[in-house]
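Visitor: One structure, as structure tokens, below. Some questions next.
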Amino acid sequence: MRSLKSVGVVGAGILGLAIARELTIRFPGVAVTVLEKEGRVAAHQSGHNSGVVHAGVYYPPGSLKASLCRRGAGQIREFCQQHGVRFRELGKLIVAVAEQELPGLAEIERRAALNRVPGIRRLGQAEIAEIEPHVRGLAAVHSPYTAAVDYVALCEELARAVQSSGGEVLLSTRVTGVRENASAVRVSSAAGARDFDYLIVCAGLNGDHFAASLGRPGDLRIVPFRGEYYELQPDARQRVRGMVYPVPDPRYPFLGVHLTRHVDDTVHVGPNAVLALALEGYRWTNVSVRELAPLAWWPGTWQLARRHWRSGISEIAGSLSKRRYLARARAYLPDLRLDDLVRSKSGVRAQAVRRDGSLEDDFVLQSEGRVILVRNAPSPAATASLAIAEHVISGIIGA
């Protein structure tokens with residue numbers, strides 16, 4: 001490893017902040033600087049997700065997702081206990097409502113066992129009712145240690161940990177250029193130009209921009225998918241004690257419309273997954289031709305549309321129709337009514353798509369020279385963030 005004096009991190013979401021904190025732990029005295037274009041931490045994906053700390057139920061045994069999620073969940077729990085961040089183990093039911101979903105449920109149970117997820121149980125109808133009295137299904141898998149956390153507060157504590165160790169977190173500091181040479185990486189921003197020994201880019205939705213500017217676009221592109229949420233009215237919240245998920249469609253790295261109780265006892269329904277019309281397209285009215293044009297020329301976008309156009313139309317219909325959205329949740333919570341749902345937040349997920357139109361399901365890290373690019377960090381990246389930070393520093397920098 002080269003002599004290390006300074007490291008820059010682009011992005012003050014949970015992953016960028018976790019990596020910055022890990023650097024301050026591994027290398028006391030090294031100058032660590034986080035550069036964030038927004039005026040606050042967790043401004044995008046980290047602050048707009050479902051707030052769940054996953055237990056590692058779904059992921060293929062042996063994948064980065066599986067190993068890092070299991071380790072990261074424990075680290076998140078410990079960090080929250082040490083720093084007073086709200087964290088609640090509410091448990092999760094994954095519910096099969098039709099016979100054709102039972103093989104998928106069995107596969108989830110198999111993976112959970114191989115991933116050594118603690119407390120996993122297969123439940124019948126009567127046992128489902130004991131845990132979630134208002135939920136109906138043929139069978140379920142129960143994950144008692146799936147938890148809820150305040151990810152924004154967690155990111156704020158990570159930022160404080162970086163700063164208390166001598167690092168900098170520069171908000172409202174958009175990176176305008178990156179140039180790499182044999183001795184350093186020069187980063188130009190609103191704060192001026194700085195030279196770093198290494199630069200780690202955790203730019204999420206804007207990751208392609210950095211990869212292209214460094215001449216490393218690779219064989220994937222980020223496609224933005226908007227997830228829209230409803231919230232249950234206060235008098236309907238008692239129908240959900242913890243978290244209730246459907247059996248996910250194995251073709252997609254999304255978990256389907258689910259019900260999630262949070263640390264503040266609000267209950268959200270969602271998210272769906274519709275193609276956003278801008279990288280930060282939180283609403284249908286957020287449209288950027290400039291940002292969508294490169295995706296229109298990317299062969300993977302057209303292959304994705306060709307393969308999944310029926311599902312895409314169904315997602316759009318659910319986005320535009322509250323009744324269709326409600327129908328998804330009523331499949332396993334049948335007494336929900338239309339007026340129980342109130343439109344709530346939305347988030348945009350950075351999903352990597354390969355040239356052949358396949359959705360990249362695992363974490364993708366790209367390292368060359370002095371720049372490390374996090375190209376794909378889908379769920380459970382927030383859960384796994386502290387473990388991903390260890391992996392990035394140990395495996396790529398070679399600490």
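Each chain in the structure tokens gets a letter, A, B, ..., in the order shown, and its residues are numbered from 1; ligands are numbered from 1 in order too.
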Using DSSP on the backbone, list every residue of region 134-336 of chain A that comes out as alpha helix (DSSP H), and give them as a PyMOL selection string.

Guide: chain A and resi 151-164+207-213+289-297+299-320+322-330

Visitor: Tell me, counting only C-alpha atoms, for each residue of region 76-159 of chain A within 12 Å of region 377-396 of chain A, which pair of atoms is nearest and how far apart they are in Å to one decimal, in rows ordered by chain and increasing number, as a tab-separated table.

Guide:
residue	atom	partner	partner_atom	distance
A:Ile76	CA	A:Thr383	CA	7.0
A:Arg77	CA	A:Thr383	CA	9.7
A:Glu78	CA	A:Leu386	CA	10.9
A:Phe79	CA	A:Leu386	CA	9.4
A:Cys80	CA	A:Leu386	CA	12.0
A:Thr146	CA	A:Thr383	CA	10.4
A:Ala147	CA	A:Thr383	CA	9.9
A:Ala148	CA	A:Thr383	CA	10.2
A:Val149	CA	A:Thr383	CA	9.6
A:Asp150	CA	A:Ala382	CA	11.2
A:Tyr151	CA	A:Ala382	CA	8.1
A:Val152	CA	A:Ala382	CA	10.9
A:Leu154	CA	A:Ala382	CA	10.3
A:Cys155	CA	A:Ala382	CA	10.1
A:Leu158	CA	A:Leu386	CA	10.1

Visitor: Could you write those residues out with C-alpha atoms, as an mmCIF file, in the first residue's frame?

Guide:
data_model
loop_
_atom_site.group_PDB
_atom_site.id
_atom_site.type_symbol
_atom_site.label_atom_id
_atom_site.label_comp_id
_atom_site.auth_asym_id
_atom_site.auth_seq_id
_atom_site.Cartn_x
_atom_site.Cartn_y
_atom_site.Cartn_z
ATOM 1 C CA ILE A 76 -25.624 -1.167 13.113
ATOM 2 C CA ARG A 77 -27.272 -2.472 16.292
ATOM 3 C CA GLU A 78 -24.089 -1.942 18.305
ATOM 4 C CA PHE A 79 -23.459 1.537 16.877
ATOM 5 C CA CYS A 80 -27.020 2.635 17.635
ATOM 6 C CA THR A 146 -35.382 -7.663 11.505
ATOM 7 C CA ALA A 147 -35.310 -4.138 12.877
ATOM 8 C CA ALA A 148 -36.252 -0.522 12.214
ATOM 9 C CA VAL A 149 -33.807 2.351 12.578
ATOM 10 C CA ASP A 150 -33.681 6.106 12.040
ATOM 11 C CA TYR A 151 -31.174 6.168 9.171
ATOM 12 C CA VAL A 152 -30.987 9.962 9.012
ATOM 13 C CA LEU A 154 -27.584 7.291 12.121
ATOM 14 C CA CYS A 155 -25.922 9.236 9.285
ATOM 15 C CA LEU A 158 -21.546 8.864 11.595
#

Visitor: Tell me, which residues of region 256-352 of chain A carry DSSP strand (DSSP E or B), written as a PyMOL selection string?

Guide: chain A and resi 258-261+267-270+274-275+341-352

Visitor: Print the selection's residues with N, CA and C atoms to a file, as a PDB file, in the first residue's frame.

Guide:
ATOM      1  N   HIS A 258     -44.735  -3.502   0.820  1.00  0.00           N
ATOM      2  CA  HIS A 258     -44.818  -4.099   2.147  1.00  0.00           C
ATOM      3  C   HIS A 258     -45.251  -3.064   3.177  1.00  0.00           C
ATOM      4  N   LEU A 259     -45.532  -3.540   4.384  1.00  0.00           N
ATOM      5  CA  LEU A 259     -45.967  -2.694   5.494  1.00  0.00           C
ATOM      6  C   LEU A 259     -44.857  -2.650   6.532  1.00  0.00           C
ATOM      7  N   THR A 260     -44.472  -1.452   6.930  1.00  0.00           N
ATOM      8  CA  THR A 260     -43.323  -1.302   7.813  1.00  0.00           C
ATOM      9  C   THR A 260     -43.634  -0.338   8.945  1.00  0.00           C
ATOM     10  N   ARG A 261     -43.621  -0.855  10.166  1.00  0.00           N
ATOM     11  CA  ARG A 261     -43.693   0.026  11.338  1.00  0.00           C
ATOM     12  C   ARG A 261     -42.301   0.576  11.605  1.00  0.00           C
ATOM     13  N   VAL A 267     -46.572   3.831  10.258  1.00  0.00           N
ATOM     14  CA  VAL A 267     -46.551   2.628   9.431  1.00  0.00           C
ATOM     15  C   VAL A 267     -46.655   3.040   7.972  1.00  0.00           C
ATOM     16  N   HIS A 268     -45.644   2.656   7.185  1.00  0.00           N
ATOM     17  CA  HIS A 268     -45.644   2.971   5.763  1.00  0.00           C
ATOM     18  C   HIS A 268     -46.009   1.744   4.935  1.00  0.00           C
ATOM     19  N   VAL A 269     -46.629   2.002   3.802  1.00  0.00           N
ATOM     20  CA  VAL A 269     -47.008   0.973   2.839  1.00  0.00           C
ATOM     21  C   VAL A 269     -46.241   1.263   1.559  1.00  0.00           C
ATOM     22  N   GLY A 270     -45.454   0.296   1.115  1.00  0.00           N
ATOM     23  CA  GLY A 270     -44.673   0.487  -0.097  1.00  0.00           C
ATOM     24  C   GLY A 270     -43.241   0.014   0.124  1.00  0.00           C
ATOM     25  N   VAL A 274     -41.187   2.349 -10.008  1.00  0.00           N
ATOM     26  CA  VAL A 274     -41.471   2.885 -11.341  1.00  0.00           C
ATOM     27  C   VAL A 274     -40.234   3.607 -11.849  1.00  0.00           C
ATOM     28  N   LEU A 275     -40.036   3.584 -13.151  1.00  0.00           N
ATOM     29  CA  LEU A 275     -38.902   4.272 -13.750  1.00  0.00           C
ATOM     30  C   LEU A 275     -39.030   5.768 -13.500  1.00  0.00           C
ATOM     31  N   LEU A 341     -55.132   4.970   3.695  1.00  0.00           N
ATOM     32  CA  LEU A 341     -53.851   5.309   3.078  1.00  0.00           C
ATOM     33  C   LEU A 341     -53.760   6.803   2.804  1.00  0.00           C
ATOM     34  N   VAL A 342     -52.649   7.391   3.191  1.00  0.00           N
ATOM     35  CA  VAL A 342     -52.345   8.797   2.920  1.00  0.00           C
ATOM     36  C   VAL A 342     -51.028   8.846   2.161  1.00  0.00           C
ATOM     37  N   ARG A 343     -51.002   9.592   1.068  1.00  0.00           N
ATOM     38  CA  ARG A 343     -49.775   9.704   0.272  1.00  0.00           C
ATOM     39  C   ARG A 343     -48.631  10.204   1.142  1.00  0.00           C
ATOM     40  N   SER A 344     -47.474   9.552   1.028  1.00  0.00           N
ATOM     41  CA  SER A 344     -46.338   9.898   1.879  1.00  0.00           C
ATOM     42  C   SER A 344     -45.112  10.168   1.015  1.00  0.00           C
ATOM     43  N   LYS A 345     -43.952   9.805   1.526  1.00  0.00           N
ATOM     44  CA  LYS A 345     -42.682  10.129   0.886  1.00  0.00           C
ATOM     45  C   LYS A 345     -42.444   9.269  -0.351  1.00  0.00           C
ATOM     46  N   SER A 346     -41.396   9.604  -1.074  1.00  0.00           N
ATOM     47  CA  SER A 346     -40.906   8.755  -2.155  1.00  0.00           C
ATOM     48  C   SER A 346     -39.387   8.788  -2.134  1.00  0.00           C
ATOM     49  N   GLY A 347     -38.783   7.785  -2.719  1.00  0.00           N
ATOM     50  CA  GLY A 347     -37.337   7.719  -2.833  1.00  0.00           C
ATOM     51  C   GLY A 347     -36.964   7.248  -4.221  1.00  0.00           C
ATOM     52  N   VAL A 348     -35.712   7.449  -4.605  1.00  0.00           N
ATOM     53  CA  VAL A 348     -35.236   6.993  -5.908  1.00  0.00           C
ATOM     54  C   VAL A 348     -34.038   6.082  -5.690  1.00  0.00           C
ATOM     55  N   ARG A 349     -34.135   4.865  -6.210  1.00  0.00           N
ATOM     56  CA  ARG A 349     -33.082   3.876  -6.060  1.00  0.00           C
ATOM     57  C   ARG A 349     -32.166   3.883  -7.271  1.00  0.00           C
ATOM     58  N   ALA A 350     -30.877   3.827  -7.015  1.00  0.00           N
ATOM     59  CA  ALA A 350     -29.886   3.726  -8.090  1.00  0.00           C
ATOM     60  C   ALA A 350     -29.670   2.245  -8.397  1.00  0.00           C
ATOM     61  N   GLN A 351     -30.264   1.779  -9.490  1.00  0.00           N
ATOM     62  CA  GLN A 351     -30.184   0.363  -9.843  1.00  0.00           C
ATOM     63  C   GLN A 351     -29.295   0.181 -11.069  1.00  0.00           C
ATOM     64  N   ALA A 352     -28.234  -0.582 -10.938  1.00  0.00           N
ATOM     65  CA  ALA A 352     -27.334  -0.835 -12.058  1.00  0.00           C
ATOM     66  C   ALA A 352     -27.957  -1.841 -13.014  1.00  0.00           C
TER      67      ALA A 352
END

Visitor: Quick one: everything within 12 Å of region 163-165 of chain A, counting only C-alpha atoms, minus sequence neighbours fewer than 2 positions away in the same chain. Send it as a PDB file with C-alpha atoms, in the first residue's frame.

Guide:
ATOM      1  CA  LEU A  17     -19.979   8.301   5.851  1.00  0.00           C
ATOM      2  CA  ALA A  20     -15.037   7.821   6.072  1.00  0.00           C
ATOM      3  CA  ARG A  21     -15.518   6.667   9.677  1.00  0.00           C
ATOM      4  CA  GLU A  22     -13.751   3.387   8.971  1.00  0.00           C
ATOM      5  CA  LEU A  23     -10.802   5.311   7.525  1.00  0.00           C
ATOM      6  CA  THR A  24     -10.490   7.383  10.703  1.00  0.00           C
ATOM      7  CA  ILE A  25     -10.489   4.174  12.758  1.00  0.00           C
ATOM      8  CA  ARG A  26      -7.960   2.289  10.615  1.00  0.00           C
ATOM      9  CA  PHE A  27      -5.675   5.229   9.927  1.00  0.00           C
ATOM     10  CA  PRO A  28      -5.581   7.691  12.845  1.00  0.00           C
ATOM     11  CA  GLY A  29      -4.004  10.924  11.681  1.00  0.00           C
ATOM     12  CA  VAL A  30      -4.857  10.500   8.005  1.00  0.00           C
ATOM     13  CA  ALA A  31      -6.795  13.499   6.672  1.00  0.00           C
ATOM     14  CA  VAL A  32     -10.282  12.292   5.690  1.00  0.00           C
ATOM     15  CA  THR A  33     -12.604  14.634   3.792  1.00  0.00           C
ATOM     16  CA  VAL A  34     -16.212  13.935   2.761  1.00  0.00           C
ATOM     17  CA  GLU A 156     -25.735  12.343  11.443  1.00  0.00           C
ATOM     18  CA  GLU A 157     -23.955  10.334  14.150  1.00  0.00           C
ATOM     19  CA  LEU A 158     -21.546   8.864  11.595  1.00  0.00           C
ATOM     20  CA  ALA A 159     -20.744  12.390  10.399  1.00  0.00           C
ATOM     21  CA  ARG A 160     -20.089  13.483  13.983  1.00  0.00           C
ATOM     22  CA  ALA A 161     -17.832  10.459  14.494  1.00  0.00           C
ATOM     23  CA  GLY A 167     -12.078  14.459   9.559  1.00  0.00           C
ATOM     24  CA  GLU A 168     -14.092  16.974   7.568  1.00  0.00           C
ATOM     25  CA  VAL A 169     -17.639  16.705   6.235  1.00  0.00           C
ATOM     26  CA  LEU A 170     -18.107  19.459   3.669  1.00  0.00           C
TER      27      LEU A 170
END

Visitor: To one decimal place, how far is CA of Asn206 (chain A) from CA of Ser314 (chain A) in Å?

Guide: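 Between these atoms lies a distance of 27.3 Å.
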